[in-house]
Protein chains: 2
Amino acid sequence: MNKQIDVNRISLNQITTENWSLEEAIEGCVRHEIPAISIWRHKIAEFGLKKSKNLIESANLEVSSLCRGGMFPALTSSERQDRIDDNKRAIEEAAELGSKVLVLVCGPAPNKNLQESRKWVKEGIESIIPFAEQYGVKLGIEPLHPMYTADRSVITTLGEANTLQESLGSKQVGVIVDVFHVWWDPFLYEEIERAKGNILGFHVSDWKVPLPDIFKGRSMMGDGVIDIPRIRKAVDENGYSDAVEVEVINQEIWDMPGDETLKLMKRRFVEYV
Amino acid sequence: MNKQIDVNRISLNQITTENWSLEEAIEGCVRHEIPAISIWRHKIAEFGLKKSKNLIESANLEVSSLCRGGMFPALTSSERQDRIDDNKRAIEEAAELGSKVLVLVCGPAPNKNLQESRKWVKEGIESIIPFAEQYGVKLGIEPLHPMYTADRSVITTLGEANTLQESLGSKQVGVIVDVFHVWWDPFLYEEIERAKGNILGFHVSDWKVPLPDIFKGRSMMGDGVIDIPRIRKAVDENGYSDAVEVEVINQEIWDMPGDETLKLMKRRFVEYV
């Protein structure tokens with residue numbers, strides 16, 4: 001085993017404490033000395049952007065990312081324009097909250113033609129790049145596990161995300177590596193190398209057998225089969241040294257008292273990341 | 001839409017009628033004029049090999065494949081040898097039943113090292129090739145959807161299966177294309193072309209949203225998002241003209257009277273394959 005991870009790289013991805021409001025999550029981070037948080041837009045909506053910003057600043061928390069933009073494919077050009085407009089609002093929110101990165105969950109296909117939707121994803125990202133540059137927000141393409149192709153994202157592997165990033169030809173765009181989505185991939189380590197310099201985020205959780213659910217299928221690090229340290233080291237070695245978000249979507253975890261969740265995730269982070 | 005599929009290419013993969021015995025499934029195929037069947041080994045076990053063979057021959061059914069060999073990775077060499085021995089028994093059974101193909105579900109990793117298990121899969125297949133040649137049974141590597149990596153197969157994409165097939169360098173080995181496992185893949189059509197001449201089987205079902213279950217997650221053709229005709233035509237254009245197996249693993253379908261299932265699958269086959 002190589003070098004252990006620095007516990008100060010931990011970030012709470014807010015969906016891990018889905019039952020907490022943004023205020024509760026921020027207070028929890030302070031109590032448990034978690035220096036960073038990734039914020040979800042539906043949680044901002046509860047307080048409004050201004051109050052959310054004040055809460056984060058008062059707590060002196062780093063915002064590791066904003067979740068999420070994307071969802072580009074749609075059948076009509078006016079619907080696709082609506083999605084683009086919503087991504088612009090997300091970029092503004094990210095900038096306002098001091099988040100350097102907007103995570104892109106690219107969206108499913110509205111029909112059976114996946115290739116066409118992949119083209120719409122590319123066009124969508126292309127059209128928001130100037131806006132993202134203006135606001136100083138990077139766009140992180142997150143490839144999702146292929147089991148989410150039909151309902152969340154047609155971008156399914158790190159290889160595909162890298163190809164998309166390269167084809168866009170902009171340093172404003174990078175990729176997000178989430179172990180739950182990519183651990184199975186036979187080309188994972190080659191693709192992490194290929195992403196060198198473009199990795200904008202790293203998310204951890206685990207794949208437990210049997211999987212408890214499809215959407216709420218993630219488990220706490222250490223409860224599953226993913227070789228998280230190997231992936232983390234590969235990401236580190238390829239130039240990523242920022243926050244590591246703990247993103248666990250799991251009903252049992254959601255049902256725990258939030259303070260217990262934060263204690264558990266910190267313990268597991270040191271031991272299993 | 002191009003050329004419609006010939007209904008006589010239909011084959012009942014026996015797991016679609018999991019609640020039927022082999023005898024009932026064979027009688028069902030005869031009643032519904034389904035000319036071929038893919039047989040599962042646990043169903044043969046109920047009657048014994050000899051009686052199973054007699055039932056199939058009396059009904060004059062083609063056996064499109066035997067399910068399944070594989071499951072190669074294991075921690076000790078003696079366990080791996082046991083798996084290889086079991087694969088040899090499967091080859092004997094396939095030959096005895098007149099099946100030209102043994103489907104290989106390659107197996108999950110017994111630890112967190114996927115690459116090591118992929119090596120064991122290769123070694124396992126390598127060691128049974130001479131035996132398969134002797135019995136005239138082809139070995140079909142079936143890549144499974146990445147959501148089954150942890151519990152069923154470390155071989156996850158058609159690209160990976162093709163690379164494995166090529167590295168083995170034997171015409172005794174080919175690949176199986178199952179739409180449920182591969183439909184999401186951005187490189188699917190390139191990989192089907194690459195598999196030209198080595199495609200040993202083609203399986204159909206559908207991906208319904210939301211997925212009803214992980215293992216029992218498949219739906220009847222037409223109920224989901226997969227562009228089955230496009231994949232079928234690509235497979236046809238790359239040299240596959242044999243049976244098309246309907247393989248639906250789904251509790252609701254299992255709970256239907258078998259005759260209803262067979263009627264439904266024939267109707268859907270003509271309309272959606």
# chains A, B, ... in the order shown; residues from 1 in each chain; ligands from 1
$ interface_residues --of "chain B" --to "chain A" --cutoff "10 Å" --atoms "only C-alpha atoms" --output "ChimeraX atom specification"
/B:109-115,118,145-151,154-157,159-160,181-187,207-215,224-228,230
$ select_by_dssp --residues "segment 9-104 of chain A" --states "strand (DSSP E)" --output "list in words"
Ile10, Ser11, Leu12, Asn13, Ala36, Ile37, Ser38, Ile39, Trp40, Glu62, Val63, Ser64, Ser65, Leu66, Cys67, Arg68, Gly69, Gly70, Val101, Leu102, Val103 and Leu104 of chain A
$ closest_residue --among "A:Glu142, A:Asp255, A:Glu24, A:Asp178" --to "Cys106 of chain A" --atoms "only C-alpha atoms"
A:Glu142
$ residues_around --residues "Lys50 of chain B" --least-positions-apart "5" --cutoff "9 Å" --atoms "only C-alpha atoms" --output "MDAnalysis selection string"
chainID B and resid 55 96:97
$ write_last_selection --atoms "N, CA and C atoms" --output "short mmCIF file (atom, residue, chain, number, x, y, z; two decimals), in the first residue's frame"
data_model
loop_
_atom_site.label_atom_id
_atom_site.label_comp_id
_atom_site.auth_asym_id
_atom_site.auth_seq_id
_atom_site.Cartn_x
_atom_site.Cartn_y
_atom_site.Cartn_z
N LEU B 55 -35.78 -36.33 -25.42
CA LEU B 55 -36.90 -35.39 -25.55
C LEU B 55 -36.65 -34.42 -26.71
N GLU B 96 -23.37 -33.81 -26.62
CA GLU B 96 -24.37 -34.88 -26.51
C GLU B 96 -25.75 -34.38 -26.95
N LEU B 97 -26.06 -33.13 -26.64
CA LEU B 97 -27.38 -32.58 -26.98
C LEU B 97 -27.42 -32.00 -28.39
#
$ residues_around --residues "Leu200 of chain B" --least-positions-apart "4" --cutoff "8 Å" --atoms "only C-alpha atoms" --output "list in words"
Val101, Lys138, Gly140, Gly174, Val175, Ile176 and Tyr240 of chain B
$ residues_around --residues "segment 59-61 of chain A" --least-positions-apart "4" --cutoff "7 Å" --atoms "only C-alpha atoms" --output "NGL selection string"
:A and (30 or 35-37 or 55)
$ write_last_selection --atoms "all heavy atoms" --output "mmCIF file, in the first residue's frame"
data_model
loop_
_atom_site.group_PDB
_atom_site.id
_atom_site.type_symbol
_atom_site.label_atom_id
_atom_site.label_comp_id
_atom_site.auth_asym_id
_atom_site.auth_seq_id
_atom_site.Cartn_x
_atom_site.Cartn_y
_atom_site.Cartn_z
ATOM 1 N N VAL A 30 -18.939 21.634 9.682
ATOM 2 C CA VAL A 30 -18.171 22.401 10.669
ATOM 3 C C VAL A 30 -17.924 21.535 11.915
ATOM 4 O O VAL A 30 -16.790 21.406 12.386
ATOM 5 C CB VAL A 30 -18.904 23.716 11.030
ATOM 6 C CG1 VAL A 30 -18.211 24.417 12.201
ATOM 7 C CG2 VAL A 30 -18.956 24.631 9.808
ATOM 8 N N PRO A 35 -13.738 20.038 5.521
ATOM 9 C CA PRO A 35 -13.466 21.387 5.025
ATOM 10 C C PRO A 35 -14.182 21.768 3.727
ATOM 11 O O PRO A 35 -14.121 22.927 3.324
ATOM 12 C CB PRO A 35 -11.946 21.376 4.796
ATOM 13 C CG PRO A 35 -11.617 19.938 4.550
ATOM 14 C CD PRO A 35 -12.596 19.128 5.336
ATOM 15 N N ALA A 36 -14.837 20.801 3.086
ATOM 16 C CA ALA A 36 -15.435 21.114 1.781
ATOM 17 C C ALA A 36 -16.776 20.422 1.613
ATOM 18 O O ALA A 36 -17.065 19.400 2.253
ATOM 19 C CB ALA A 36 -14.490 20.704 0.650
ATOM 20 N N ILE A 37 -17.566 20.982 0.732
ATOM 21 C CA ILE A 37 -18.897 20.434 0.461
ATOM 22 C C ILE A 37 -19.196 20.559 -1.031
ATOM 23 O O ILE A 37 -18.734 21.495 -1.689
ATOM 24 C CB ILE A 37 -19.969 21.170 1.307
ATOM 25 C CG1 ILE A 37 -21.333 20.478 1.219
ATOM 26 C CG2 ILE A 37 -20.081 22.643 0.895
ATOM 27 C CD1 ILE A 37 -22.334 20.981 2.259
ATOM 28 N N LEU A 55 -24.444 31.300 4.124
ATOM 29 C CA LEU A 55 -24.205 30.151 5.022
ATOM 30 C C LEU A 55 -22.834 29.525 4.757
ATOM 31 O O LEU A 55 -22.082 29.226 5.688
ATOM 32 C CB LEU A 55 -25.297 29.086 4.809
ATOM 33 C CG LEU A 55 -26.701 29.407 5.321
ATOM 34 C CD1 LEU A 55 -27.711 28.388 4.801
ATOM 35 C CD2 LEU A 55 -26.720 29.430 6.857
#
$ residues_around --residues "Arg41 of chain B" --least-positions-apart "2" --cutoff "8 Å" --atoms "only C-alpha atoms" --output "list of chain:residue names"
B:Ile39, B:Lys43, B:Ile44, B:Ala45, B:Leu66, B:Cys67, B:Arg68, B:Ala90
$ write_last_selection --atoms "all heavy atoms" --output "CSV table (one decimal), in the first residue's frame"
chain,number,residue,atom,x,y,z
B,39,ILE,N,-30.7,-24.4,-24.0
B,39,ILE,CA,-31.0,-25.2,-22.8
B,39,ILE,C,-30.1,-24.8,-21.7
B,39,ILE,O,-28.9,-24.5,-21.9
B,39,ILE,CB,-30.8,-26.7,-23.1
B,39,ILE,CG1,-31.9,-27.1,-24.2
B,39,ILE,CG2,-30.9,-27.5,-21.9
B,39,ILE,CD1,-31.8,-28.5,-24.7
B,43,LYS,N,-31.6,-27.3,-15.8
B,43,LYS,CA,-32.9,-27.9,-16.3
B,43,LYS,C,-32.6,-29.3,-16.8
B,43,LYS,O,-33.5,-30.2,-16.8
B,43,LYS,CB,-33.5,-27.1,-17.4
B,43,LYS,CG,-34.0,-25.7,-17.0
B,43,LYS,CD,-35.2,-25.8,-16.1
B,43,LYS,CE,-35.8,-24.5,-15.8
B,43,LYS,NZ,-37.0,-24.6,-14.9
B,44,ILE,N,-31.4,-29.5,-17.3
B,44,ILE,CA,-31.0,-30.9,-17.8
B,44,ILE,C,-30.9,-31.8,-16.5
B,44,ILE,O,-31.3,-32.9,-16.5
B,44,ILE,CB,-29.6,-30.9,-18.5
B,44,ILE,CG1,-29.7,-30.0,-19.7
B,44,ILE,CG2,-29.2,-32.3,-18.8
B,44,ILE,CD1,-28.4,-29.8,-20.4
B,45,ALA,N,-30.4,-31.2,-15.5
B,45,ALA,CA,-30.1,-31.9,-14.2
B,45,ALA,C,-31.4,-32.6,-13.7
B,45,ALA,O,-31.4,-33.7,-13.2
B,45,ALA,CB,-29.5,-31.0,-13.2
B,66,LEU,N,-26.0,-24.1,-25.4
B,66,LEU,CA,-26.1,-24.6,-24.0
B,66,LEU,C,-25.6,-23.5,-23.1
B,66,LEU,O,-24.6,-22.9,-23.3
B,66,LEU,CB,-25.3,-25.9,-23.8
B,66,LEU,CG,-25.4,-26.5,-22.4
B,66,LEU,CD1,-26.8,-27.1,-22.1
B,66,LEU,CD2,-24.3,-27.6,-22.2
B,67,CYS,N,-26.5,-23.2,-22.1
B,67,CYS,CA,-26.1,-22.2,-21.1
B,67,CYS,C,-25.8,-22.9,-19.7
B,67,CYS,O,-26.7,-23.6,-19.3
B,67,CYS,CB,-27.2,-21.2,-20.8
B,67,CYS,SG,-27.6,-20.2,-22.2
B,68,ARG,N,-24.7,-22.8,-19.1
B,68,ARG,CA,-23.6,-22.0,-19.5
B,68,ARG,C,-22.4,-22.6,-18.9
B,68,ARG,O,-22.4,-23.2,-17.8
B,68,ARG,CB,-23.8,-20.6,-19.1
B,68,ARG,CG,-24.1,-20.4,-17.7
B,68,ARG,CD,-24.4,-18.9,-17.4
B,68,ARG,NE,-25.0,-18.7,-16.1
B,68,ARG,CZ,-24.5,-18.9,-14.9
B,68,ARG,NH1,-23.2,-19.3,-14.8
B,68,ARG,NH2,-25.1,-18.7,-13.8
B,90,ALA,N,-19.5,-29.5,-19.3
B,90,ALA,CA,-20.5,-28.7,-20.0
B,90,ALA,C,-20.3,-28.9,-21.5
B,90,ALA,O,-21.3,-29.0,-22.3
B,90,ALA,CB,-20.4,-27.2,-19.7
$ atom_distance --atom1 "atom CA of Lys122 of chain A" --atom2 "atom CA of Arg218 of chain A"
28.2 Å
$ closest_residue --among "A:Tyr272, A:Tyr135, A:Phe180, A:Phe47" --to "Phe202 of chain A" --atoms "only C-alpha atoms"
A:Phe180
$ atom_distance --atom1 "atom CA of Val248 of chain A" --atom2 "atom CA of Val204 of chain A"
7.8 Å
$ select_by_dssp --residues "segment 44-266 of chain B" --states "alpha helix (DSSP H)" --output "VMD selection string"
chain B and resid 44 to 47 49 to 59 77 to 97 114 to 135 158 to 168 179 to 182 188 to 194 228 to 237 251 to 254 258 to 266
